[in-house]
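Chemist: The following block contains the structure, expressed as structure tokens.
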Amino acid sequence: MTFKGFGIKYPEYEVITPQTKKSYTLRSMNVQEEERLKGSLVTPLKIAEHLNSCLYDALVTKPDGITDLDSFLKNVTLKDRDALLYGLYHITYEEIRNYQVKCTGCSNTYPVTVKASSTFNYNAYPDNDILTARQKIELPKTPGVFAYIKQPTLFDELHSIRSLGNMPGTTIDLITETLIIDRFEQVPEATNTPVMYTDRVDVIDAYMSLPARDKRIIYQTYEDTFGKYGIELKMKSYCPSCSKEDLYNIELVENFFRSLYSA
């Protein structure tokens, strides 16, 4: 007899994204999807692309305006993706298993297993439209230069990686690091006429030329304005050797792929 499916009703989980504040329902992954995702992760250039597709394919219900993968990428931020990935992880695996932690007291390393739901913390963006919000700051060590800070979307990330990922002298880390910079503005004293640098190559080149303190100001501004709004996975643990209590931040993406390959 030819197999025609079990008619399975997969478990589902609703996620309210913390930055765009939209409701999505995801179903658990099946074995075929696990294998396809594992087999597709051949280079760092492809990880974000395949992870986005995996999340989109797992969506059961989507908010108004999300009609295809492209509209999904343009309307979901990187912090939103963390929340969706948590939802997919929670409904697929339920537990965070054998997570390795190191005691801050005696330096003993030991594995911990907890329910994913017990680690979840949520901080929602307070305003309405984070996708168009920009924070302008003057760089203290580069007079006459302003940076416009934003919260990048999945589309921003994917477009930048695809267009710049193979450019000599540019790493994936550098590309993603600069996604929070929408543009630079320079106002020369001689003309007082603003010059905008919006091309991603120009943005990266300008960023690399900055004094180190300006970089710190950019990232502190991002964190205060956008970055602190999202999810965190925090886990308490007690060392079996010395009984010291520690609080750990769980790296969700790393643990997701570890669970994927151990499944």
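Identifiers for the structure tokens are assigned positionally: chains receive A, B, ... in sequence, residues are indexed from 1 per chain, and ligands are indexed from 1 in the order shown.
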Neighbours of Ala58 of chain A within 9 Å (only C-alpha atoms; same-chain residues fewer than 6 positions away dropped), as a PDB file with C-alpha atoms, in the first residue's frame?
Modeler:
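Dumped to selection.pdb:
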```pdb
ATOM      1  CA  THR A  25       1.247  30.787  14.919  1.00  0.00           C
ATOM      2  CA  LEU A  26       3.914  28.200  14.199  1.00  0.00           C
ATOM      3  CA  ARG A  27       3.687  24.428  14.013  1.00  0.00           C
ATOM      4  CA  SER A  28       6.422  22.011  15.009  1.00  0.00           C
ATOM      5  CA  MET A  29       8.919  20.853  12.409  1.00  0.00           C
ATOM      6  CA  LEU A  88       9.610  26.954  16.775  1.00  0.00           C
TER       7      LEU A  88
END
```
Chemist: Can you tell me, as a PyMOL selection string, what residues are no more than 7 Å from Arg134 of chain A when counting only C-alpha atoms, ignoring any on the same chain fewer than 3 positions away?
Modeler: chain A and resi 148-150
Chemist: Using only C-alpha atoms, which protein or nucleic acid residues come within 10 Å of Val195 of chain A? Drop anything in the same chain fewer than 4 positions from it, and give the result as a list in words.
Modeler: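 Within the cut-off, the hits are Val145, Phe184, Glu185, Gln186, Val187 and Pro188 of chain A.
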Chemist: I need the chosen residues saved as a JSON list (two decimals), in the first residue's frame, with C-alpha atoms.
Modeler:
```
[["chain", "number", "residue", "atom", "x", "y", "z"],
["A", 145, "VAL", "CA", 29.36, 63.39, 11.27],
["A", 184, "PHE", "CA", 25.98, 58.40, 7.78],
["A", 185, "GLU", "CA", 25.58, 62.14, 7.30],
["A", 186, "GLN", "CA", 28.54, 64.51, 7.07],
["A", 187, "VAL", "CA", 28.15, 68.27, 7.32],
["A", 188, "PRO", "CA", 31.40, 69.94, 6.16]]
```
Chemist: How many Å separate atom CA of Asn108 of chain A from atom CA of Cys239 of chain A?
Modeler: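 Spanning atom CA of Asn108 of chain A to atom CA of Cys239 of chain A is a straight-line distance of 7.5 Å.
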Chemist: Please return as a VMD selection string: the residues of segment 57-212 of chain A that backbone DSSP assigns to helix (DSSP H, G or I).
Modeler: chain A and resid 57 69 to 75 78 to 93 116 to 119 154 to 164 172 to 177 200 to 208 212
Chemist: With distances taken over only C-alpha atoms, which of A:Val203, A:Cys242, A:Val15, A:Leu37 is nearest to Phe256 of chain A?
Modeler: A:Leu37
Chemist: Could the residues of segment 89-208 of chain A that have an atom at most 6 Å from segment 228-238 of chain A be listed as JSON lines, each with its closest atom pair and the distance in Å to one decimal, counting only C-alpha atoms and ordered by chain and ascending residue number?
Modeler:
```
{"residue": "A:Thr119", "atom": "CA", "partner": "A:Leu233", "partner_atom": "CA", "distance": 4.8}
{"residue": "A:Phe120", "atom": "CA", "partner": "A:Leu233", "partner_atom": "CA", "distance": 4.9}
{"residue": "A:Asn121", "atom": "CA", "partner": "A:Glu232", "partner_atom": "CA", "distance": 5.0}
{"residue": "A:Tyr122", "atom": "CA", "partner": "A:Ile231", "partner_atom": "CA", "distance": 4.6}
{"residue": "A:Asn123", "atom": "CA", "partner": "A:Tyr229", "partner_atom": "CA", "distance": 5.1}
{"residue": "A:Ala124", "atom": "CA", "partner": "A:Tyr229", "partner_atom": "CA", "distance": 5.4}
{"residue": "A:Tyr125", "atom": "CA", "partner": "A:Tyr229", "partner_atom": "CA", "distance": 5.3}
```
Chemist: Just how far from atom CA of Thr67 of chain A is atom CA of Glu33 of chain A, in Å to one decimal?
Modeler: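 Computed distance, atom CA of Glu33 of chain A to atom CA of Thr67 of chain A, equals 21.4 Å.
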Chemist: Per DSSP on the backbone, filter segment 139-225 of chain A down to the residues in strand (DSSP E or B) and report them as a list of chain:residue names.
Modeler: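 Here are the strand (DSSP E or B) residues of segment 139-225 of chain A: A:Val145, A:Phe146, A:Ala147, A:Tyr148, A:Ile149, A:Thr153, A:Ile181, A:Asp182, A:Arg183, A:Phe184, A:Glu185, A:Gln186, A:Val195, A:Met196, A:Tyr197.
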Chemist: Pick the closest to Asp199 of chain A from A:Glu251, A:Glu157, A:Asp224, A:Asp182: which is it, counting only C-alpha atoms?
Modeler: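 The answer is A:Asp182, which sits nearest to Asp199 of chain A.
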Chemist: Choose the residue, out of A:Pro152, A:Gly169, A:Gly39, A:Pro240, that has the smallest atom-to-atom separation from Ile130 of chain A; count only C-alpha atoms.
Modeler: A:Pro152
Chemist: When you count only C-alpha atoms, which of these residues is closest to Thr132 of chain A: A:Leu260, A:Arg97, A:Thr77, A:Gly227?
Modeler: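 Answer, going by the shortest atom-to-atom distance: A:Thr77.
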Chemist: For the atom pair atom CA of Val201 of chain A and atom CA of Leu45 of chain A, what is the interatomic distance in Å to one decimal place?
Modeler: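 These atoms are spaced 17.4 Å apart.
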Chemist: I'd like the contact shell of Glu189 of chain A - 10 Å cut-off, only C-alpha atoms, skipping same-chain residues fewer than 5 positions apart - returned as a PDB file with N, CA, C and O atoms, in the first residue's frame.
Modeler:
```pdb
ATOM      1  N   PRO A 143      33.788  65.025  14.478  1.00  0.00           N
ATOM      2  CA  PRO A 143      32.965  66.239  14.389  1.00  0.00           C
ATOM      3  C   PRO A 143      32.308  66.398  13.011  1.00  0.00           C
ATOM      4  O   PRO A 143      32.919  66.131  11.976  1.00  0.00           O
ATOM      5  N   GLY A 144      31.039  66.805  13.041  1.00  0.00           N
ATOM      6  CA  GLY A 144      30.309  67.042  11.806  1.00  0.00           C
ATOM      7  C   GLY A 144      29.750  65.800  11.158  1.00  0.00           C
ATOM      8  O   GLY A 144      29.184  65.872  10.057  1.00  0.00           O
ATOM      9  N   PRO A 194      24.823  69.050   3.809  1.00  0.00           N
ATOM     10  CA  PRO A 194      24.952  67.647   4.224  1.00  0.00           C
ATOM     11  C   PRO A 194      25.269  66.718   3.049  1.00  0.00           C
ATOM     12  O   PRO A 194      24.738  66.868   1.954  1.00  0.00           O
TER      13      PRO A 194
END
```
Chemist: For each of A:Glu12, A:Asp246, A:Asp205, A:Glu223, take the minimum atom-to-atom distance to Glu94 of chain A, counting only C-alpha atoms, then give the residue where this is smallest.
Modeler: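 Of the candidates, the smallest distance to Glu94 of chain A is held by A:Glu12.
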Chemist: Find the residues near Ile172 of chain A: any atom within 12 Å, counting only C-alpha atoms, skip ones fewer than 4 places away on the same chain, and give them as a ChimeraX atom specification.
Modeler: /A:43-48,157-158,160-168,176-179,204
Chemist: So that I can see what lies close to Tyr56 of chain A, please list as JSON, numbers by chain the residues with an atom at most 9 Å from it, counting only C-alpha atoms and leaving out residues fewer than 2 positions away in the same chain.
Modeler: {"A": [26, 51, 52, 53, 54, 58, 59, 60, 68, 69, 72]}
Chemist: Keeping only all heavy atoms, write the selected residues as a short mmCIF file (atom, residue, chain, number, x, y, z; two decimals), in the first residue's frame.
Modeler:
```cif
data_model
loop_
_atom_site.label_atom_id
_atom_site.label_comp_id
_atom_site.auth_asym_id
_atom_site.auth_seq_id
_atom_site.Cartn_x
_atom_site.Cartn_y
_atom_site.Cartn_z
N LEU A 26 3.00 29.14 14.84
CA LEU A 26 3.91 28.20 14.20
C LEU A 26 3.56 26.77 14.59
O LEU A 26 3.07 26.53 15.69
CB LEU A 26 5.36 28.47 14.61
CG LEU A 26 5.96 29.83 14.33
CD1 LEU A 26 5.92 30.69 15.59
CD2 LEU A 26 7.39 29.71 13.83
N LEU A 51 17.33 29.64 7.48
CA LEU A 51 16.61 29.78 8.73
C LEU A 51 15.32 30.59 8.52
O LEU A 51 14.26 30.22 9.05
CB LEU A 51 17.50 30.47 9.76
CG LEU A 51 16.96 30.58 11.19
CD1 LEU A 51 16.60 29.22 11.74
CD2 LEU A 51 17.98 31.27 12.08
N ASN A 52 15.39 31.65 7.74
CA ASN A 52 14.20 32.45 7.43
C ASN A 52 13.15 31.61 6.71
O ASN A 52 11.96 31.67 7.02
CB ASN A 52 14.57 33.65 6.56
CG ASN A 52 15.47 34.64 7.28
OD1 ASN A 52 15.54 34.65 8.50
ND2 ASN A 52 16.17 35.46 6.52
N SER A 53 13.59 30.82 5.73
CA SER A 53 12.66 29.97 4.97
C SER A 53 12.02 28.92 5.87
O SER A 53 10.83 28.62 5.75
CB SER A 53 13.38 29.31 3.80
OG SER A 53 13.83 30.26 2.87
N CYS A 54 12.83 28.37 6.78
CA CYS A 54 12.32 27.36 7.72
C CYS A 54 11.22 27.95 8.59
O CYS A 54 10.16 27.33 8.78
CB CYS A 54 13.47 26.83 8.56
SG CYS A 54 12.98 25.71 9.88
N ALA A 58 7.02 27.15 8.52
CA ALA A 58 6.36 26.61 9.72
C ALA A 58 5.18 27.46 10.17
O ALA A 58 4.47 27.07 11.11
CB ALA A 58 7.38 26.50 10.86
N LEU A 59 4.94 28.59 9.52
CA LEU A 59 3.85 29.47 9.93
C LEU A 59 2.49 28.87 9.53
O LEU A 59 2.27 28.50 8.38
CB LEU A 59 4.00 30.85 9.31
CG LEU A 59 5.22 31.67 9.74
CD1 LEU A 59 5.25 33.00 9.00
CD2 LEU A 59 5.22 31.89 11.25
N VAL A 60 1.60 28.81 10.51
CA VAL A 60 0.23 28.35 10.26
C VAL A 60 -0.69 29.54 10.02
O VAL A 60 -1.51 29.53 9.10
CB VAL A 60 -0.28 27.51 11.45
CG1 VAL A 60 -1.72 27.08 11.24
CG2 VAL A 60 0.63 26.31 11.68
N ASP A 68 3.67 36.57 1.50
CA ASP A 68 4.68 35.70 0.90
C ASP A 68 5.98 35.88 1.66
O ASP A 68 6.07 36.67 2.61
CB ASP A 68 4.86 36.02 -0.60
CG ASP A 68 5.15 37.49 -0.87
OD1 ASP A 68 5.58 38.21 0.07
OD2 ASP A 68 4.94 37.95 -2.00
N LEU A 69 7.00 35.13 1.24
CA LEU A 69 8.28 35.19 1.95
C LEU A 69 8.88 36.59 1.92
O LEU A 69 9.43 37.06 2.92
CB LEU A 69 9.26 34.18 1.35
CG LEU A 69 10.67 34.14 1.97
CD1 LEU A 69 10.60 33.81 3.46
CD2 LEU A 69 11.54 33.12 1.24
N PHE A 72 7.28 38.81 4.42
CA PHE A 72 7.72 38.33 5.75
C PHE A 72 9.08 38.91 6.09
O PHE A 72 9.30 39.46 7.18
CB PHE A 72 7.76 36.80 5.74
CG PHE A 72 8.30 36.18 6.99
CD1 PHE A 72 7.57 36.19 8.17
CD2 PHE A 72 9.53 35.54 6.99
CE1 PHE A 72 8.06 35.60 9.34
CE2 PHE A 72 10.03 34.94 8.13
CZ PHE A 72 9.29 34.97 9.31
#
```
